[in-house]
Each structure stands twice: as structure tokens, then as C-alpha cells.
Amino acid sequence: MRIFISYAREEKSFVSGLADLLRTEGYDPWYDGDLPGGDDWKEKIYREIEKCLILIYVLTPASSTSIWCNHEVAHARSKKKRIIPVQLKPAPIPEPIAQLHCFDITAFASEPLTTIAPLVEQLARISRRRFWRALAAVLILFAVLATIILGGLALYSRPLVVADFNNCAVTNNVGGALNTAFGSDSSIQYEFMEDSSGGGCMAKLIYTLGEWSALVIPLEGIDLREYYSLNFDIRTDSIIGTDWQLKLELKRDNQREVRIVYVSGITGEWLNIQVNLDSFVRPNMVVDDLSRFDDIEQLFITFDSRSGAQGVVYIDNVEFRR
């Protein structure tokens, strides 16, 4: 802890001994006896006062009337430095610091260690308070940074919900209208039902197959390059067998680019399906592979020959996750 000692020239020998004692206690005292020859002493003293945490003012008759000691005290006060007066010889305390407690060290010459002990303890208390304030500031900074980082991570990790059906309407979460598509001798209908939690709706899909049928979820050109997986909740109304499968299709460029994946293992109990986007592959069809994962236009939830002749399926919470 940096300490500036202000004193009258007559007490230089005492100040040198005081500085030595403070150094043995782990402090870093400075007084103008450390001033190298040739330095601009006024500018140097002002700089040292600005660098210090505490100014010790050695009170003697000479220092109480010293114009330059008064300048040092005034500069320290202007820089909000802590000032500790110590009385070496009886003298009136200058008015600017008259309200401050003054340590009596008049017996320093005969009992230096005992005399200086209260001053050293005061410096230790200041040092401890400074340490705890600095630690508190660091902890607050870490707390703020942690809040910002965790908030950013939470925001970054928030899923992109494309259809939670909670509005019980054909418009999905990205502003598109749900639709259906089907091949010959096939049909599909959807309706909305309140989910068991009472927090919104789910989609009920009723399909019959000749070739294929699909629920079309518009994605409105979303960019999936930062996302890792497609997730949704699903269950069925009937026993569908272990070979039953559902096809998922991502499409872009007016359906000229497609990737597909099949999912299975669906039962009458709710199941959360997670499909890594890397699992989508180019179909064995006369279409192009997805050239990239931005501008994705549609998600098809498709029933085909692997999905049985007919069925009822419930779907909820369709989203992409990072």
C-alpha cells in the first residue's frame, strides 16, 4: 500500500526512521528524501501524492506553518486521499484537517515501536477494508459477467419453435399457415385438441394411404445452420407395429432440394423425438440434395407405405435446437 509522508524539513531524520518501520510492516512509503537530483520536485511530489492511497501528515510547529506542507495536504484532499495526522511535537492542527483524529507519537524517540503501533494498526485496518472492498468489487463483477454470460447462453440455447400449436390455429410460430399434401387414393386431415396440461393445443393427424400423405409445416425461409437437431413430441392412437415409420422431409428452393429421414419407435405414449440435422440424407428421388441449410422453406411430416394404410397420430412442440 503506497503511503506519502508530508513533513517539515527539520524532521527528515525522524521521517527516514518512520519510513523504515513502515517498510518492515509491508508498506510502501515515499517522502521527498527519495527524490533524485535533477527532478522537477514540485511535479514529482504531486505525482507521488496522486499515486498514494494514504498521506501521513507529520504534525510539528514547523509543518503546521509550512506553506508547502499545506499545499501537499490540499492536493491530497482534492484527489480524495486518506489523510492521517501524526503529532510528533505539540502544535495546532491546520484547519483543513482539524477534524481528523491525530495519532500521538511524541514518545517516538524513546519508544518507537510502542508509539507507532496504533498507527500501524490503523493502516492495517485500512488495508483490510481495501482488500475486502476490492474482493467485493471483483465478486460483483464476476456475478455481473456470469449473469450476462448465462443470459447470453440461455438466449443462444433457446430453441426455435416452429409449431407448438398453442394458438389452436393454422398459423404456426414462424408466421406460416399449416397445410396438407397427399398422393392418389390418400388423404390427411388435421385438427387441434387441447393438451392435457391445459397450456394450449396439439395437432391430431388422421390419414389414409394409397401412396402418401403429409402435414406441411411452413418454415418461411429460416436459417438452420446454427441448429443441431429437430425435436418434437409424438404419440399414436393405435397399435402400429414395430416396423411402422414416419418420414420427415426438409425442403427448399420450391421443393427442388430435399433431405429426408425416417423415425420409428412411436407408441401410444408421448415420446420426444430428436433427429440430428446431420441425419437427414438425400432421398432416392429425382430431386437435388439440400445445397445448404439456410432458406429452408418447409418441413413435411409424411406418411407413406411404411406408415400403414391408416392411422391417427398426435404431434406437439415442433422445434429446432442448438
# chains A, B, ... in the order shown; residues from 1 in each chain; ligands from 1

call {"tool": "residues_around", "arguments": {"residues": "range 110-120 of chain A", "least_positions_apart": "5", "cutoff": "8 Å", "atoms": "only C-alpha atoms", "output": "ChimeraX atom specification"}}
result
/A:22,25,103-105

call {"tool": "residues_around", "arguments": {"residues": "range 169-185 of chain A", "least_positions_apart": "4", "cutoff": "10 Å", "atoms": "only C-alpha atoms", "output": "number ranges by chain"}}
result
A: 160-165, 189-192, 201, 203, 207-222, 297-298, 300-304, 318-319

call {"tool": "residues_around", "arguments": {"residues": "Ile97 in chain A", "least_positions_apart": "3", "cutoff": "10 Å", "atoms": "only C-alpha atoms", "output": "PyMOL selection string"}}
result
chain A and resi 57+73-74+77+83-85+93-94+100-102

call {"tool": "write_last_selection", "arguments": {"atoms": "all heavy atoms", "output": "compact mmCIF listing (two decimals), in the first residue's frame"}}
result
# COMPACT_ATOMS: atom_id res chain seq x y z
N TYR A 57 0.53 12.90 7.65
CA TYR A 57 0.95 14.29 7.89
C TYR A 57 1.64 14.34 9.25
O TYR A 57 1.02 14.09 10.28
CB TYR A 57 -0.27 15.20 7.85
CG TYR A 57 0.01 16.65 8.19
CD1 TYR A 57 0.61 17.49 7.26
CD2 TYR A 57 -0.31 17.16 9.44
CE1 TYR A 57 0.86 18.82 7.56
CE2 TYR A 57 -0.06 18.49 9.76
CZ TYR A 57 0.54 19.31 8.81
OH TYR A 57 0.79 20.63 9.13
N VAL A 73 -1.21 18.76 1.60
CA VAL A 73 -2.49 18.35 2.19
C VAL A 73 -3.65 18.75 1.28
O VAL A 73 -4.58 17.96 1.05
CB VAL A 73 -2.65 18.96 3.60
CG1 VAL A 73 -4.08 18.78 4.10
CG2 VAL A 73 -1.67 18.33 4.57
N ALA A 74 -3.60 19.96 0.76
CA ALA A 74 -4.68 20.43 -0.12
C ALA A 74 -4.78 19.57 -1.38
O ALA A 74 -5.88 19.22 -1.84
CB ALA A 74 -4.45 21.89 -0.49
N ARG A 77 -6.31 16.19 -0.48
CA ARG A 77 -7.76 16.31 -0.29
C ARG A 77 -8.47 16.43 -1.63
O ARG A 77 -9.54 15.85 -1.83
CB ARG A 77 -8.09 17.53 0.58
CG ARG A 77 -7.61 17.40 2.01
CD ARG A 77 -8.04 18.60 2.83
NE ARG A 77 -9.48 18.58 3.05
CZ ARG A 77 -10.22 19.66 3.26
NH1 ARG A 77 -9.66 20.86 3.24
NH2 ARG A 77 -11.51 19.56 3.47
N ILE A 83 -6.11 11.00 4.71
CA ILE A 83 -5.09 11.76 5.41
C ILE A 83 -5.08 11.34 6.88
O ILE A 83 -6.13 11.33 7.54
CB ILE A 83 -5.33 13.27 5.29
CG1 ILE A 83 -5.29 13.71 3.81
CG2 ILE A 83 -4.29 14.06 6.09
CD1 ILE A 83 -5.67 15.15 3.57
N ILE A 84 -3.91 10.97 7.38
CA ILE A 84 -3.75 10.57 8.79
C ILE A 84 -2.73 11.50 9.43
O ILE A 84 -1.53 11.41 9.13
CB ILE A 84 -3.30 9.11 8.92
CG1 ILE A 84 -4.32 8.17 8.28
CG2 ILE A 84 -3.10 8.75 10.39
CD1 ILE A 84 -3.92 6.70 8.33
N PRO A 85 -3.15 12.42 10.31
CA PRO A 85 -2.18 13.26 11.03
C PRO A 85 -1.52 12.47 12.17
O PRO A 85 -2.17 11.70 12.86
CB PRO A 85 -3.03 14.40 11.59
CG PRO A 85 -4.39 14.25 10.96
CD PRO A 85 -4.53 12.81 10.60
N ILE A 93 -3.30 21.68 14.86
CA ILE A 93 -3.56 21.00 13.57
C ILE A 93 -4.12 22.02 12.60
O ILE A 93 -5.05 22.78 12.95
CB ILE A 93 -4.55 19.85 13.75
CG1 ILE A 93 -4.00 18.83 14.77
CG2 ILE A 93 -4.83 19.15 12.43
CD1 ILE A 93 -4.94 17.68 15.05
N PRO A 94 -3.60 22.12 11.39
CA PRO A 94 -4.13 23.07 10.40
C PRO A 94 -5.63 22.87 10.18
O PRO A 94 -6.14 21.74 10.22
CB PRO A 94 -3.32 22.76 9.14
CG PRO A 94 -2.07 22.12 9.64
CD PRO A 94 -2.45 21.36 10.87
N LEU A 100 -9.82 15.68 11.90
CA LEU A 100 -9.33 14.30 11.82
C LEU A 100 -8.65 13.89 13.12
O LEU A 100 -8.01 14.70 13.80
CB LEU A 100 -8.33 14.17 10.66
CG LEU A 100 -8.86 14.47 9.26
CD1 LEU A 100 -7.75 14.33 8.23
CD2 LEU A 100 -10.03 13.56 8.91
N HIS A 101 -8.79 12.59 13.46
CA HIS A 101 -8.10 12.05 14.64
C HIS A 101 -6.60 12.09 14.41
O HIS A 101 -6.11 11.68 13.35
CB HIS A 101 -8.55 10.62 14.90
CG HIS A 101 -7.75 9.94 15.98
ND1 HIS A 101 -7.81 10.32 17.30
CD2 HIS A 101 -6.85 8.91 15.91
CE1 HIS A 101 -6.99 9.55 18.01
NE2 HIS A 101 -6.40 8.70 17.19
N CYS A 102 -5.87 12.57 15.39
CA CYS A 102 -4.42 12.70 15.27
C CYS A 102 -3.75 11.69 16.21
O CYS A 102 -4.03 11.66 17.42
CB CYS A 102 -4.01 14.13 15.63
SG CYS A 102 -2.25 14.47 15.39

call {"tool": "select_by_dssp", "arguments": {"residues": "range 242-314 of chain A", "states": "strand (DSSP E)", "output": "ChimeraX atom specification"}}
result
/A:246-252,257-263,271-276,296-303,310-314

call {"tool": "atom_distance", "arguments": {"atom1": "CA of Met1 in chain A", "atom2": "CA of Phe108 in chain A"}}
result
22.6 Å

call {"tool": "select_by_dssp", "arguments": {"residues": "range 78-143 of chain A", "states": "alpha helix (DSSP H)", "output": "VMD selection string"}}
result
chain A and resid 78 112 to 143

call {"tool": "residues_around", "arguments": {"residues": "Trp30 in chain A", "least_positions_apart": "4", "cutoff": "8 Å", "atoms": "only C-alpha atoms", "output": "list in words"}}
result
Arg2, Ile3, Phe4, Ile5, Ala19, Asp34 and Glu48 of chain A

call {"tool": "write_last_selection", "arguments": {"atoms": "N, CA and C atoms", "output": "PDB file, in the first residue's frame"}}
result
ATOM      1  N   ARG A   2       0.715   2.117  -0.956  1.00  0.00           N
ATOM      2  CA  ARG A   2       1.553   3.300  -1.139  1.00  0.00           C
ATOM      3  C   ARG A   2       1.154   4.375  -0.126  1.00  0.00           C
ATOM      4  N   ILE A   3       2.167   4.947   0.575  1.00  0.00           N
ATOM      5  CA  ILE A   3       1.947   5.967   1.600  1.00  0.00           C
ATOM      6  C   ILE A   3       2.852   7.156   1.310  1.00  0.00           C
ATOM      7  N   PHE A   4       2.291   8.341   1.277  1.00  0.00           N
ATOM      8  CA  PHE A   4       3.060   9.578   1.117  1.00  0.00           C
ATOM      9  C   PHE A   4       3.223  10.213   2.493  1.00  0.00           C
ATOM     10  N   ILE A   5       4.442  10.634   2.835  1.00  0.00           N
ATOM     11  CA  ILE A   5       4.699  11.267   4.142  1.00  0.00           C
ATOM     12  C   ILE A   5       4.973  12.747   3.914  1.00  0.00           C
ATOM     13  N   ALA A  19       9.777   5.762   7.848  1.00  0.00           N
ATOM     14  CA  ALA A  19       9.654   5.051   6.574  1.00  0.00           C
ATOM     15  C   ALA A  19      10.233   3.643   6.666  1.00  0.00           C
ATOM     16  N   ASP A  34      13.507  10.621  -1.062  1.00  0.00           N
ATOM     17  CA  ASP A  34      13.737   9.690  -2.167  1.00  0.00           C
ATOM     18  C   ASP A  34      13.785  10.398  -3.514  1.00  0.00           C
ATOM     19  N   GLU A  48       3.452  11.787  -6.843  1.00  0.00           N
ATOM     20  CA  GLU A  48       3.519  10.795  -5.772  1.00  0.00           C
ATOM     21  C   GLU A  48       2.283  10.849  -4.880  1.00  0.00           C
TER      22      GLU A  48
END
